[in-house]
file run.tsv (TSV, C-alpha atoms)
chain	number	residue	atom	x	y	z
O	186	MET	CA	-6.24	4.77	3.43
O	187	SER	CA	-3.67	7.40	4.36
O	188	HIS	CA	-0.02	6.76	3.67
O	189	PHE	CA	3.18	7.03	5.70
O	190	VAL	CA	6.30	9.04	4.92
O	191	ALA	CA	9.62	7.59	6.10
O	192	PRO	CA	12.60	9.94	5.65
O	193	SER	CA	15.82	8.02	5.03
O	194	LEU	CA	18.54	9.33	7.33
O	195	LEU	CA	21.19	7.97	4.97
O	196	ALA	CA	20.70	11.18	2.97
O	197	ALA	CA	21.06	13.44	6.02
O	198	ASP	CA	24.17	15.35	7.07
O	199	PHE	CA	25.82	12.99	9.56
O	200	LEU	CA	27.78	15.86	11.10
O	201	ARG	CA	24.39	17.20	12.19
O	202	LEU	CA	22.54	13.94	12.69
O	203	ASP	CA	20.90	15.17	15.89
O	204	GLN	CA	19.32	18.03	13.93
O	205	ALA	CA	18.04	15.61	11.27
O	206	ILE	CA	16.46	13.40	13.94
O	207	ASP	CA	14.78	16.39	15.59
O	208	LEU	CA	13.53	17.54	12.19
O	209	VAL	CA	11.82	14.20	11.58
O	210	ASN	CA	10.44	14.17	15.11
O	211	THR	CA	8.76	17.56	14.71
O	212	SER	CA	7.69	17.12	11.08
O	213	GLU	CA	4.67	15.38	9.58
O	214	ALA	CA	6.80	12.31	8.85
O	215	ASP	CA	5.59	9.02	10.32
O	216	TRP	CA	8.69	6.80	10.43
O	217	PHE	CA	12.46	6.94	10.50
O	218	HIS	CA	14.05	4.81	7.77
O	219	LEU	CA	17.56	3.52	8.51
O	220	ASP	CA	19.62	1.74	5.85
O	221	VAL	CA	22.22	-0.75	7.07
O	222	MET	CA	24.79	-1.74	4.43
O	223	ASP	CA	27.57	-4.29	4.92
O	224	GLY	CA	29.79	-3.89	1.85
O	225	LEU	CA	28.94	-7.45	0.79
O	226	PHE	CA	25.29	-7.63	-0.18
O	227	VAL	CA	25.66	-4.06	-1.49
O	228	PRO	CA	28.91	-2.25	-2.34
O	229	ASN	CA	28.70	0.46	0.33
O	230	ILE	CA	29.04	0.34	4.11
O	231	SER	CA	26.79	2.60	6.19
O	232	PHE	CA	26.29	2.05	9.93
O	233	GLY	CA	25.31	-0.62	12.41
O	234	GLN	CA	23.74	-1.30	15.77
O	235	PHE	CA	25.67	1.33	17.72
O	236	ILE	CA	24.43	4.21	15.56
O	237	ILE	CA	20.89	2.82	15.43
O	238	GLU	CA	20.83	2.58	19.21
O	239	GLN	CA	21.69	6.27	19.49
O	240	ILE	CA	19.15	7.26	16.86
O	241	ALA	CA	16.44	5.18	18.51
O	242	GLU	CA	17.08	6.85	21.87
O	243	ARG	CA	16.32	10.26	20.34
O	244	ALA	CA	13.65	9.17	17.85
O	245	GLU	CA	10.02	9.65	18.86
O	246	LYS	CA	8.56	7.73	15.92
O	247	TYR	CA	8.64	4.23	14.39
O	248	VAL	CA	12.19	3.10	13.61
O	249	ASP	CA	12.17	1.23	10.29
O	250	VAL	CA	15.49	-0.60	9.81
O	251	HIS	CA	16.33	-1.90	6.34
O	252	LEU	CA	19.04	-4.57	6.47
O	253	MET	CA	20.91	-4.59	3.17
O	254	ILE	CA	23.26	-7.25	4.50
O	255	GLN	CA	24.22	-10.82	3.72
O	256	ASP	CA	22.86	-13.52	6.04
O	257	PRO	CA	20.88	-11.14	8.27
O	258	SER	CA	19.83	-13.96	10.60
O	259	ARG	CA	23.12	-13.43	12.45
O	260	TYR	CA	22.05	-9.97	13.61
O	261	ILE	CA	18.26	-9.94	14.07
O	262	GLU	CA	18.33	-10.01	17.87
O	263	SER	CA	21.05	-7.36	18.15
O	264	PHE	CA	19.22	-4.91	15.87
O	265	ALA	CA	16.02	-5.52	17.83
O	266	ARG	CA	17.87	-4.74	21.07
O	267	ALA	CA	19.32	-1.60	19.46
O	268	GLY	CA	15.81	-0.16	19.18
O	269	ALA	CA	14.41	-1.15	15.80
O	270	SER	CA	10.62	-1.11	15.66
O	271	GLY	CA	10.66	-3.16	12.47
O	272	LEU	CA	13.31	-4.99	10.48
O	273	THR	CA	13.32	-5.63	6.75
O	274	VAL	CA	15.60	-8.28	5.24
O	275	HIS	CA	16.23	-9.00	1.58
O	276	ALA	CA	14.79	-12.19	0.14
O	277	GLU	CA	17.94	-12.50	-1.96
O	278	ALA	CA	20.13	-12.52	1.19
O	279	CYS	CA	18.27	-15.27	3.07
O	280	THR	CA	18.78	-18.98	2.45
O	281	HIS	CA	15.91	-19.80	4.81
O	282	LEU	CA	13.55	-16.84	4.48
O	283	HIS	CA	10.67	-18.29	6.49
O	284	ARG	CA	13.02	-19.01	9.40
O	285	VAL	CA	14.33	-15.43	9.39
O	286	ILE	CA	10.79	-14.02	9.39
O	287	GLN	CA	9.94	-16.10	12.45
O	288	GLN	CA	13.20	-14.97	14.06
O	289	MET	CA	12.13	-11.33	13.66
O	290	LYS	CA	8.75	-12.03	15.21
O	291	GLU	CA	10.34	-13.84	18.14
O	292	ALA	CA	12.62	-10.82	18.65
O	293	GLY	CA	9.52	-8.64	19.06
O	294	VAL	CA	9.82	-6.50	15.91
O	295	LYS	CA	7.67	-6.12	12.81
O	296	ALA	CA	8.83	-8.38	9.98
O	297	GLY	CA	9.49	-7.10	6.47
O	298	VAL	CA	10.99	-8.53	3.29
O	299	ALA	CA	12.55	-6.45	0.51
O	300	LEU	CA	12.75	-7.36	-3.17
O	301	ASN	CA	15.41	-6.05	-5.54
O	302	PRO	CA	14.25	-4.78	-8.95
O	303	HIS	CA	14.98	-8.11	-10.66
O	304	THR	CA	13.29	-10.30	-8.02
O	305	PRO	CA	9.69	-11.38	-8.78
O	306	VAL	CA	6.92	-10.82	-6.24
O	307	SER	CA	6.08	-14.54	-6.49
O	308	VAL	CA	8.96	-15.42	-4.12
O	309	LEU	CA	6.76	-14.09	-1.30
O	310	GLU	CA	3.76	-16.29	-2.04
O	311	HIS	CA	4.44	-18.77	0.75
O	312	VAL	CA	5.39	-16.20	3.42
O	313	ILE	CA	3.12	-13.25	2.66
O	314	GLU	CA	0.67	-14.12	5.45
O	315	ASP	CA	3.46	-13.82	8.01
O	316	LEU	CA	4.70	-10.41	6.86
O	317	ASP	CA	4.02	-6.94	8.21
O	318	LEU	CA	5.83	-5.17	5.36
O	319	VAL	CA	6.80	-5.77	1.74
O	320	LEU	CA	9.51	-3.41	0.49
O	321	ILE	CA	9.66	-2.95	-3.26
O	322	MET	CA	13.03	-1.51	-4.22
O	323	THR	CA	12.48	1.11	-6.88
O	324	VAL	CA	16.24	1.43	-7.50
O	325	ASN	CA	19.08	-1.06	-7.18
O	326	PRO	CA	20.12	-1.05	-3.51
O	327	GLY	CA	23.36	0.36	-2.19
O	328	PHE	CA	23.51	3.97	-3.38
O	329	GLY	CA	21.46	7.06	-2.66
O	330	GLY	CA	20.25	9.52	-5.27
O	331	GLN	CA	19.45	7.00	-8.02
O	332	LYS	CA	16.73	7.41	-10.64
O	333	PHE	CA	13.39	5.75	-9.99
O	334	ILE	CA	12.78	2.56	-12.00
O	335	TYR	CA	9.28	2.99	-13.44
O	336	GLN	CA	8.87	-0.72	-14.18
O	337	SER	CA	8.65	-1.20	-10.40
O	338	ILE	CA	5.14	0.28	-10.38
O	339	ALA	CA	3.87	-2.96	-11.91
O	340	LYS	CA	5.59	-4.87	-9.09
O	341	VAL	CA	3.77	-2.75	-6.52
O	342	ARG	CA	0.48	-3.72	-8.16
O	343	GLN	CA	1.48	-7.40	-8.13
O	344	ALA	CA	2.40	-7.19	-4.45
O	345	ALA	CA	-0.94	-5.54	-3.68
O	346	GLU	CA	-2.77	-8.35	-5.48
O	347	LEU	CA	-0.79	-10.98	-3.56
O	348	ILE	CA	-1.59	-9.29	-0.25
O	349	THR	CA	-5.30	-9.13	-1.10
O	350	THR	CA	-5.44	-12.74	-2.30
O	351	HIS	CA	-3.86	-14.03	0.91
O	352	ASN	CA	-5.67	-11.58	3.20
O	353	SER	CA	-2.30	-10.41	4.51
O	354	ARG	CA	-1.93	-7.38	6.77
O	355	ALA	CA	1.37	-6.39	5.12
O	356	LEU	CA	1.94	-2.80	4.05
O	357	ILE	CA	3.79	-2.07	0.82
O	358	GLU	CA	6.79	0.22	1.13
O	359	VAL	CA	8.71	1.72	-1.79
O	360	ASP	CA	12.31	2.85	-1.56
O	361	GLY	CA	14.49	4.58	-4.14
O	362	GLY	CA	14.13	7.77	-6.14
O	363	ILE	CA	10.82	8.63	-4.50
O	364	GLY	CA	9.64	12.23	-4.80
O	365	GLU	CA	6.65	14.33	-5.75
O	366	GLN	CA	7.01	13.34	-9.40
O	367	ASN	CA	6.20	9.65	-8.81
O	368	ALA	CA	4.70	9.31	-5.31
O	369	GLY	CA	1.13	9.51	-6.59
O	370	LYS	CA	1.71	6.67	-9.03
O	371	VAL	CA	3.12	4.25	-6.49
O	372	LEU	CA	0.35	5.11	-4.03
O	373	GLU	CA	-2.25	4.45	-6.71
O	374	ALA	CA	-0.59	1.08	-7.37
O	375	GLY	CA	-0.94	0.09	-3.72
O	376	ALA	CA	2.06	1.46	-1.82
O	377	ARG	CA	1.40	2.77	1.69
O	378	VAL	CA	4.89	3.77	2.89
O	379	LEU	CA	7.08	6.22	0.97
O	380	VAL	CA	10.80	6.15	1.77
O	381	ALA	CA	12.44	9.37	0.64
O	382	GLY	CA	16.01	10.47	1.18
O	383	SER	CA	17.48	12.95	-1.27
O	384	SER	CA	14.11	14.51	-2.13
O	385	ILE	CA	13.78	15.47	1.55
O	386	PHE	CA	17.23	16.12	2.97
O	387	LYS	CA	18.71	17.69	-0.17
O	388	SER	CA	15.79	20.10	-0.51
O	389	ASP	CA	15.89	23.71	0.68
O	390	ASP	CA	13.12	23.01	3.19
O	391	PRO	CA	13.05	19.35	4.34
O	392	ALA	CA	10.01	19.82	6.59
O	393	GLN	CA	8.06	21.29	3.69
O	394	ALA	CA	9.21	18.44	1.41
O	395	ILE	CA	7.84	15.96	3.95
O	396	ARG	CA	4.58	17.90	4.14
O	397	ARG	CA	4.17	17.81	0.37
O	398	LEU	CA	4.73	14.05	0.28
O	399	LYS	CA	2.11	13.61	2.99
O	400	GLN	CA	-0.39	15.70	1.04
O	401	ILE	CA	-0.05	13.78	-2.23
O	402	ASP	CA	-3.09	11.66	-3.04
O	403	ALA	CA	-3.25	8.48	-5.07
O	404	ASN	CA	-4.79	9.99	-8.19
O	405	PRO	CA	-2.42	8.90	-10.98
O	406	LEU	CA	-3.94	11.36	-13.45
O	407	ALA	CA	-2.31	14.20	-11.52
O	408	TYR	CA	1.16	12.82	-12.20
O	409	VAL	CA	1.04	11.81	-15.86

call {"tool": "encode", "arguments": {"input": "run.tsv", "output": "structure tokens"}}
result
Amino acid sequence: MSHFVAPSLLAADFLRLDQAIDLVNTSEADWFHLDVMDGLFVPNISFGQFIIEQIAERAEKYVDVHLMIQDPSRYIESFARAGASGLTVHAEACTHLHRVIQQMKEAGVKAGVALNPHTPVSVLEHVIEDLDLVLIMTVNPGFGGQKFIYQSIAKVRQAAELITTHNSRALIEVDGGIGEQNAGKVLEAGARVLVAGSSIFKSDDPAQAIRRLKQIDANPLAYV
């Protein structure tokens, strides 16, 4: 199965955000990845519905919105109206996770759940059949440019096993420190969506960086 590349606009130059959007549109990337931070669930604050609405108007590809916010149920409908194709909430931020997943589906968007590095995959056992996406955080959320946590590869494998056991359609996404040096390993473990920020937008040639991530196969022996 081929994989998807989702450039994270959080790493782009926001003074030239239109150029970053056009770059993703014309590149081999598959999705836009947009990180929403509230300063509560994570220390930083990024952007909200107004910015996402403007990005979505210009974007020609799937708009993947990652809600790193406390109590996301308050905002599901507004982010859906802003143009999100899919929303991902954090299991740690939801008191009633099943209810929030159903809320996303009722809003007409794909439903995803993210897990922080310390959160076990087992928390998804009773909702996995309802999910379209499982996001395994490969860094602690809230800051760009962090080092990849290699222990997260085992979590990707566990998520893949859970998906297979329950015959779920969910894709596994990985986010944090993803680049050419580790993409093959997470793909081999079962990931199908690679979120990459700094490794794309901080490179000398972002379009070429995207192309290289698309061309990586899942052979782990090539990346030992």

call {"tool": "residues_around", "arguments": {"input": "run.tsv", "residues": "Gln400 in chain O", "least_positions_apart": "2", "cutoff": "12 Å", "atoms": "only C-alpha atoms", "output": "PDB file with C-alpha atoms, in the frame of the given file"}}
result
ATOM      1  CA  SER O 187      -3.670   7.400   4.360  1.00  0.00           C
ATOM      2  CA  HIS O 188      -0.020   6.760   3.670  1.00  0.00           C
ATOM      3  CA  PHE O 189       3.180   7.030   5.700  1.00  0.00           C
ATOM      4  CA  VAL O 190       6.300   9.040   4.920  1.00  0.00           C
ATOM      5  CA  GLU O 213       4.670  15.380   9.580  1.00  0.00           C
ATOM      6  CA  ALA O 214       6.800  12.310   8.850  1.00  0.00           C
ATOM      7  CA  GLU O 365       6.650  14.330  -5.750  1.00  0.00           C
ATOM      8  CA  ALA O 368       4.700   9.310  -5.310  1.00  0.00           C
ATOM      9  CA  GLY O 369       1.130   9.510  -6.590  1.00  0.00           C
ATOM     10  CA  LEU O 372       0.350   5.110  -4.030  1.00  0.00           C
ATOM     11  CA  GLN O 393       8.060  21.290   3.690  1.00  0.00           C
ATOM     12  CA  ALA O 394       9.210  18.440   1.410  1.00  0.00           C
ATOM     13  CA  ILE O 395       7.840  15.960   3.950  1.00  0.00           C
ATOM     14  CA  ARG O 396       4.580  17.900   4.140  1.00  0.00           C
ATOM     15  CA  ARG O 397       4.170  17.810   0.370  1.00  0.00           C
ATOM     16  CA  LEU O 398       4.730  14.050   0.280  1.00  0.00           C
ATOM     17  CA  ASP O 402      -3.090  11.660  -3.040  1.00  0.00           C
ATOM     18  CA  ALA O 403      -3.250   8.480  -5.070  1.00  0.00           C
ATOM     19  CA  ASN O 404      -4.790   9.990  -8.190  1.00  0.00           C
TER      20      ASN O 404
END

call {"tool": "residues_around", "arguments": {"input": "run.tsv", "residues": "Phe226 in chain O", "least_positions_apart": "2", "cutoff": "7 Å", "atoms": "only C-alpha atoms", "output": "VMD selection string"}}
result
chain O and resid 223 to 224 228 253 to 255

call {"tool": "closest_residue", "arguments": {"input": "run.tsv", "among": "O:Ile261, O:Ile348, O:Val378, O:Ala267", "to": "Ala241 in chain O", "atoms": "all atoms listed in the file"}}
result
O:Ala267

call {"tool": "closest_residue", "arguments": {"input": "run.tsv", "among": "O:Arg243, O:Arg266, O:His283, O:Lys332", "to": "Ile363 in chain O", "atoms": "all atoms listed in the file"}}
result
O:Lys332

call {"tool": "atom_distance", "arguments": {"input": "run.tsv", "atom1": "CA of Ile240 in chain O", "atom2": "CA of Ser384 in chain O"}}
result
20.9 Å

call {"tool": "atom_distance", "arguments": {"input": "run.tsv", "atom1": "CA of Val221 in chain O", "atom2": "CA of Ala374 in chain O"}}
result
27.1 Å

call {"tool": "residues_around", "arguments": {"input": "run.tsv", "residues": "range 194-203 of chain O", "least_positions_apart": "5", "cutoff": "8 Å", "atoms": "all atoms listed in the file", "output": "JSON, numbers by chain"}}
result
{"O": [217, 218, 219, 220, 231, 329, 382, 383, 386, 387]}

call {"tool": "closest_residue", "arguments": {"input": "run.tsv", "among": "O:Gly375, O:Pro305, O:Gly271, O:Gly361", "to": "Leu318 in chain O", "atoms": "all atoms listed in the file"}}
result
O:Gly271

call {"tool": "atom_distance", "arguments": {"input": "run.tsv", "atom1": "CA of Val308 in chain O", "atom2": "CA of Ala276 in chain O"}}
result
7.9 Å

call {"tool": "residues_around", "arguments": {"input": "run.tsv", "residues": "Asp315 in chain O", "least_positions_apart": "2", "cutoff": "9 Å", "atoms": "all atoms listed in the file", "output": "list in words"}}
result
His283, Ile286, Gln287, Ala296, His311, Val312, Ile313, Asp317, Ser353, Arg354 and Ala355 of chain O

call {"tool": "residues_near_point", "arguments": {"input": "run.tsv", "point": "(10.6, 10.6, 9.9)", "cutoff": "10 Å", "atoms": "only C-alpha atoms", "output": "JSON, numbers by chain"}}
result
{"O": [189, 190, 191, 192, 193, 194, 205, 206, 207, 208, 209, 210, 211, 212, 213, 214, 215, 216, 217, 218, 244, 245, 246, 247, 248, 249, 380, 381, 392, 395]}

call {"tool": "closest_residue", "arguments": {"input": "run.tsv", "among": "O:Ala292, O:Val227, O:Ile236, O:Ile321", "to": "Val306 in chain O", "atoms": "only C-alpha atoms"}}
result
O:Ile321

call {"tool": "residues_around", "arguments": {"input": "run.tsv", "residues": "Val324 in chain O", "least_positions_apart": "4", "cutoff": "10 Å", "atoms": "all atoms listed in the file", "output": "list of chain:residue names"}}
result
O:Asn301, O:Pro302, O:Phe328, O:Gly329, O:Gly330, O:Gln331, O:Lys332, O:Phe333, O:Ile334, O:Tyr335, O:Ser337, O:Val359, O:Asp360, O:Gly361, O:Gly362, O:Ile363

call {"tool": "closest_residue", "arguments": {"input": "run.tsv", "among": "O:Met289, O:Val341, O:Ala278, O:Leu347", "to": "Leu309 in chain O", "atoms": "all atoms listed in the file"}}
result
O:Leu347

call {"tool": "closest_residue", "arguments": {"input": "run.tsv", "among": "O:Cys279, O:Val274, O:Val285, O:Ile230", "to": "Leu320 in chain O", "atoms": "only C-alpha atoms"}}
result
O:Val274

call {"tool": "axis_aligned_box", "arguments": {"input": "run.tsv", "around": "range 322-331 of chain O", "padding_each_side": "8 Å", "output": "JSON"}}
result
{"center_x": 18.0, "center_y": 4.0, "center_z": -5.1, "size_x": 27.0, "size_y": 27.0, "size_z": 21.8}

call {"tool": "decode", "arguments": {"input": "run.tsv", "residues": "range 189-207 of chain O", "atoms": "N, CA and C atoms", "output": "mmCIF file, in the first residue's frame"}}
result
data_model
loop_
_atom_site.group_PDB
_atom_site.id
_atom_site.type_symbol
_atom_site.label_atom_id
_atom_site.label_comp_id
_atom_site.auth_asym_id
_atom_site.auth_seq_id
_atom_site.Cartn_x
_atom_site.Cartn_y
_atom_site.Cartn_z
ATOM 1 N N PHE O 189 0.968 8.283 2.402
ATOM 2 C CA PHE O 189 0.663 9.686 2.188
ATOM 3 C C PHE O 189 1.695 10.549 2.913
ATOM 4 N N VAL O 190 1.994 11.694 2.316
ATOM 5 C CA VAL O 190 2.864 12.686 2.943
ATOM 6 C C VAL O 190 2.032 13.925 3.240
ATOM 7 N N ALA O 191 2.095 14.372 4.499
ATOM 8 C CA ALA O 191 1.286 15.507 4.956
ATOM 9 C C ALA O 191 2.197 16.589 5.527
ATOM 10 N N PRO O 192 2.626 17.552 4.710
ATOM 11 C CA PRO O 192 3.462 18.639 5.231
ATOM 12 C C PRO O 192 2.731 19.437 6.307
ATOM 13 N N SER O 193 3.427 19.712 7.392
ATOM 14 C CA SER O 193 2.856 20.479 8.499
ATOM 15 C C SER O 193 3.158 21.958 8.294
ATOM 16 N N LEU O 194 2.116 22.740 8.062
ATOM 17 C CA LEU O 194 2.307 24.165 7.792
ATOM 18 C C LEU O 194 2.811 24.933 9.001
ATOM 19 N N LEU O 195 2.783 24.324 10.178
ATOM 20 C CA LEU O 195 3.304 25.006 11.363
ATOM 21 C C LEU O 195 4.781 25.360 11.184
ATOM 22 N N ALA O 196 5.486 24.598 10.358
ATOM 23 C CA ALA O 196 6.912 24.837 10.133
ATOM 24 C C ALA O 196 7.168 25.800 8.984
ATOM 25 N N ALA O 197 6.114 26.243 8.302
ATOM 26 C CA ALA O 197 6.275 27.143 7.165
ATOM 27 C C ALA O 197 6.509 28.576 7.628
ATOM 28 N N ASP O 198 6.900 29.427 6.698
ATOM 29 C CA ASP O 198 7.072 30.855 6.955
ATOM 30 C C ASP O 198 5.693 31.514 6.849
ATOM 31 N N PHE O 199 5.143 31.952 7.978
ATOM 32 C CA PHE O 199 3.786 32.490 7.972
ATOM 33 C C PHE O 199 3.695 33.865 7.315
ATOM 34 N N LEU O 200 4.819 34.513 7.053
ATOM 35 C CA LEU O 200 4.795 35.736 6.275
ATOM 36 C C LEU O 200 4.600 35.437 4.790
ATOM 37 N N ARG O 201 4.819 34.178 4.424
ATOM 38 C CA ARG O 201 4.645 33.745 3.035
ATOM 39 C C ARG O 201 3.784 32.486 2.987
ATOM 40 N N LEU O 202 2.727 32.490 3.786
ATOM 41 C CA LEU O 202 1.897 31.299 3.910
ATOM 42 C C LEU O 202 1.248 30.926 2.588
ATOM 43 N N ASP O 203 0.890 31.921 1.781
ATOM 44 C CA ASP O 203 0.289 31.619 0.480
ATOM 45 C C ASP O 203 1.249 30.820 -0.394
ATOM 46 N N GLN O 204 2.541 31.152 -0.322
ATOM 47 C CA GLN O 204 3.532 30.423 -1.110
ATOM 48 C C GLN O 204 3.682 28.986 -0.614
ATOM 49 N N ALA O 205 3.602 28.793 0.704
ATOM 50 C CA ALA O 205 3.702 27.448 1.270
ATOM 51 C C ALA O 205 2.514 26.592 0.843
ATOM 52 N N ILE O 206 1.319 27.192 0.831
ATOM 53 C CA ILE O 206 0.123 26.457 0.400
ATOM 54 C C ILE O 206 0.248 26.065 -1.071
ATOM 55 N N ASP O 207 0.680 26.998 -1.901
ATOM 56 C CA ASP O 207 0.839 26.697 -3.329
ATOM 57 C C ASP O 207 1.896 25.631 -3.553
#
